[in-house]
Amino acid sequence: MPKVSVIVPTYNRAHVLRGSLASLFEQRNPDGTPVDLEVIVVDDGSTDDTPALLADWDEPRLRPLIRPHAGIAASRNAGVAAARAPFIAFHDSDDLALAGRLAVPLEYLRAHPDIDLVIQNGRMLSLDDDPTAPGEPWIAPTVARTLAARSIGFGEVFRWNLGQLQGMCFTRRSLEATGPLDPSFDILDDLDLVLRVAIRFRAVFLDVPAFAYRRHSGGIARNREKVRAESIRLADKLAREFPEAMAKLGPGTFARRQARRWAKLAEIRLGEGDAPGARAALDKARALRPAHLGYRMRALWLRLRHGRG
């Protein structure tokens, strides 16, 4: 049995998949030996050369899983169901795993059996940039120093949107107890999972870069309106399903952050020429914080500038 199962969902990324997987197979322990892993590549109905690439790759640690197209959350769930190791990591098929991506969290989890999730930092590259370029950190240094000083939970994950799964390693028990990723989310299924794990289990943040994240100009995550709308729906879902977690966060804090999300969504919609949609979003922000002068002034400006149509 391998020590860690790495789940890699992929869809029509044959042109970058080989290098991405190679970065996983090159992972080493501190003594230089290969990390004992299995890599489960879930091909989500690719129509490019991905099936042939996986079929021809002579690598015993590679476990291809071919299935009809169903989305990234469903692919990740299928990978978790097929995993055999006591620890589970995720990887995106266009990213690169950096040195220590697996050895660092595995060592920490074995030494700290009370911890079920290790979150590492990463490098966020410019649009369509060279993955070998330095890039900017996923978690800024000032925030990273705060997070690394202690164990973290739901509040920190919620505040800082810690949802990059390619920098995380979970115990199998935490994923089994938490349940599957939610396929109703196209973008934030990862953050939803991490928040649900953090509600029930202890986590730590290690300021060690684990991945190089390649951003694409045409990627779905570039859809700012969809990201903002999903973040609002995610927060509402958590408040509905885990009222105890929201109670710890504080109703005032939740209302402020949710109102800010609605206000940002209003700005995005207005920038796209959707004045009615902007007014509707701003009404939500004002309902959450009726005394907020800024939201009231923006609503007045919208009425004067764009009317009620």
# chains A, B, ... in the order shown; residues from 1 in each chain; ligands from 1

$ select_by_dssp --residues "stretch 30-197 of chain A" --states "strand (DSSP E)" --output "VMD selection string"
chain A and resid 37 to 44 62 to 67 87 to 90 96 to 97 117 to 127 136 to 137 168 to 171

$ select_by_dssp --residues "stretch 71-249 of chain A" --states "alpha helix (DSSP H)" --output "PyMOL selection string"
chain A and resi 72-82+103-111+141-147+154-160+172-178+189-200+224-241+243-249

$ residues_around --residues "stretch 137-145 of chain A" --least-positions-apart "6" --cutoff "8 Å" --atoms "only C-alpha atoms" --output "MDAnalysis selection string"
chainID A and resid 121:124 205 207 209

$ write_last_selection --atoms "N, CA and C atoms" --output "PDB file, in the first residue's frame"
ATOM      1  N   ASN A 121       2.117  26.663   1.350  1.00  0.00           N
ATOM      2  CA  ASN A 121       2.060  27.815   0.464  1.00  0.00           C
ATOM      3  C   ASN A 121       2.359  27.375  -0.973  1.00  0.00           C
ATOM      4  N   GLY A 122       2.279  28.314  -1.902  1.00  0.00           N
ATOM      5  CA  GLY A 122       2.567  28.010  -3.290  1.00  0.00           C
ATOM      6  C   GLY A 122       2.979  29.259  -4.040  1.00  0.00           C
ATOM      7  N   ARG A 123       3.266  29.105  -5.319  1.00  0.00           N
ATOM      8  CA  ARG A 123       3.636  30.225  -6.174  1.00  0.00           C
ATOM      9  C   ARG A 123       2.559  30.432  -7.223  1.00  0.00           C
ATOM     10  N   MET A 124       2.061  31.664  -7.321  1.00  0.00           N
ATOM     11  CA  MET A 124       1.041  32.014  -8.304  1.00  0.00           C
ATOM     12  C   MET A 124       1.732  32.736  -9.458  1.00  0.00           C
ATOM     13  N   PHE A 205      -0.787  25.371   8.892  1.00  0.00           N
ATOM     14  CA  PHE A 205      -0.254  25.986   7.685  1.00  0.00           C
ATOM     15  C   PHE A 205       1.261  26.013   7.792  1.00  0.00           C
ATOM     16  N   ASP A 207       4.593  27.435   5.833  1.00  0.00           N
ATOM     17  CA  ASP A 207       5.003  28.401   4.809  1.00  0.00           C
ATOM     18  C   ASP A 207       6.150  27.836   3.989  1.00  0.00           C
ATOM     19  N   PRO A 209       6.680  26.483  -0.019  1.00  0.00           N
ATOM     20  CA  PRO A 209       6.002  26.404  -1.320  1.00  0.00           C
ATOM     21  C   PRO A 209       5.896  24.965  -1.808  1.00  0.00           C
TER      22      PRO A 209
END

$ closest_residue --among "A:Ala73, A:Leu24, A:Ala85, A:Leu62" --to "A:Leu98" --atoms "only C-alpha atoms"
A:Leu24

$ residues_around --residues "stretch 163-165 of chain A" --least-positions-apart "3" --cutoff "6 Å" --atoms "only C-alpha atoms" --output "list in words"
Phe90, Met168, Asp190 and Leu191 of chain A

$ write_last_selection --atoms "N, CA and C atoms" --output "PDB file, in the first residue's frame"
ATOM      1  N   PHE A  90      -4.082  16.319  -3.407  1.00  0.00           N
ATOM      2  CA  PHE A  90      -4.674  16.669  -4.691  1.00  0.00           C
ATOM      3  C   PHE A  90      -3.649  17.458  -5.505  1.00  0.00           C
ATOM      4  N   MET A 168      -2.260  20.987  -0.362  1.00  0.00           N
ATOM      5  CA  MET A 168      -2.786  20.376   0.858  1.00  0.00           C
ATOM      6  C   MET A 168      -2.605  18.864   0.869  1.00  0.00           C
ATOM      7  N   ASP A 190     -13.361  23.170  -4.029  1.00  0.00           N
ATOM      8  CA  ASP A 190     -12.184  22.949  -3.183  1.00  0.00           C
ATOM      9  C   ASP A 190     -12.303  23.694  -1.854  1.00  0.00           C
ATOM     10  N   LEU A 191     -12.660  24.976  -1.906  1.00  0.00           N
ATOM     11  CA  LEU A 191     -12.800  25.759  -0.679  1.00  0.00           C
ATOM     12  C   LEU A 191     -13.921  25.207   0.195  1.00  0.00           C
TER      13      LEU A 191
END

$ residues_around --residues "A:Trp57" --least-positions-apart "6" --cutoff "12 Å" --atoms "only C-alpha atoms" --output "MDAnalysis selection string"
chainID A and resid 17:18 21:22 41 50:51 63:64

$ closest_atom_pairs --of "stretch 167-257 of chain A" --to "stretch 147-153 of chain A" --cutoff "8 Å" --atoms "only C-alpha atoms" --output "Markdown table"
| residue | atom | partner | partner_atom | distance |
| --- | --- | --- | --- | --- |
| A:Ala198 | CA | A:Gly153 | CA | 5.0 |
| A:Ile199 | CA | A:Gly153 | CA | 6.6 |
| A:Phe201 | CA | A:Gly153 | CA | 7.7 |
| A:Arg202 | CA | A:Gly153 | CA | 6.2 |
| A:Ala203 | CA | A:Ile152 | CA | 5.3 |
| A:Val204 | CA | A:Ser151 | CA | 4.7 |
| A:Phe205 | CA | A:Ala148 | CA | 5.3 |
| A:Leu206 | CA | A:Ala148 | CA | 5.8 |
| A:Asp207 | CA | A:Ala148 | CA | 6.6 |

$ atom_distance --atom1 "atom CA of A:Lys264" --atom2 "atom CA of A:Ala281"
8.6 Å

$ closest_residue --among "A:Ser23, A:Ser75, A:Thr178, A:Thr171" --to "A:Ser5" --atoms "only C-alpha atoms"
A:Thr171

$ atom_distance --atom1 "atom CA of A:Tyr108" --atom2 "atom CA of A:Lys3"
13.3 Å

$ residues_around --residues "A:Ser93" --least-positions-apart "2" --cutoff "10 Å" --atoms "only C-alpha atoms" --output "list in words"
Ile7, Val8, Pro9, Thr10, Tyr11, Asn12, Arg13, Ala14, Val16, Leu17, Arg18, Gly19, Ser20, Leu21, Val41, Val42, Phe90, His91, Asp95, Leu96 and Gln166 of chain A

$ closest_residue --among "A:Leu102, A:Leu65, A:Ala210, A:Leu195" --to "A:Ala78" --atoms "only C-alpha atoms"
A:Leu65

$ atom_distance --atom1 "atom CA of A:Arg196" --atom2 "atom CA of A:Leu234"
10.9 Å
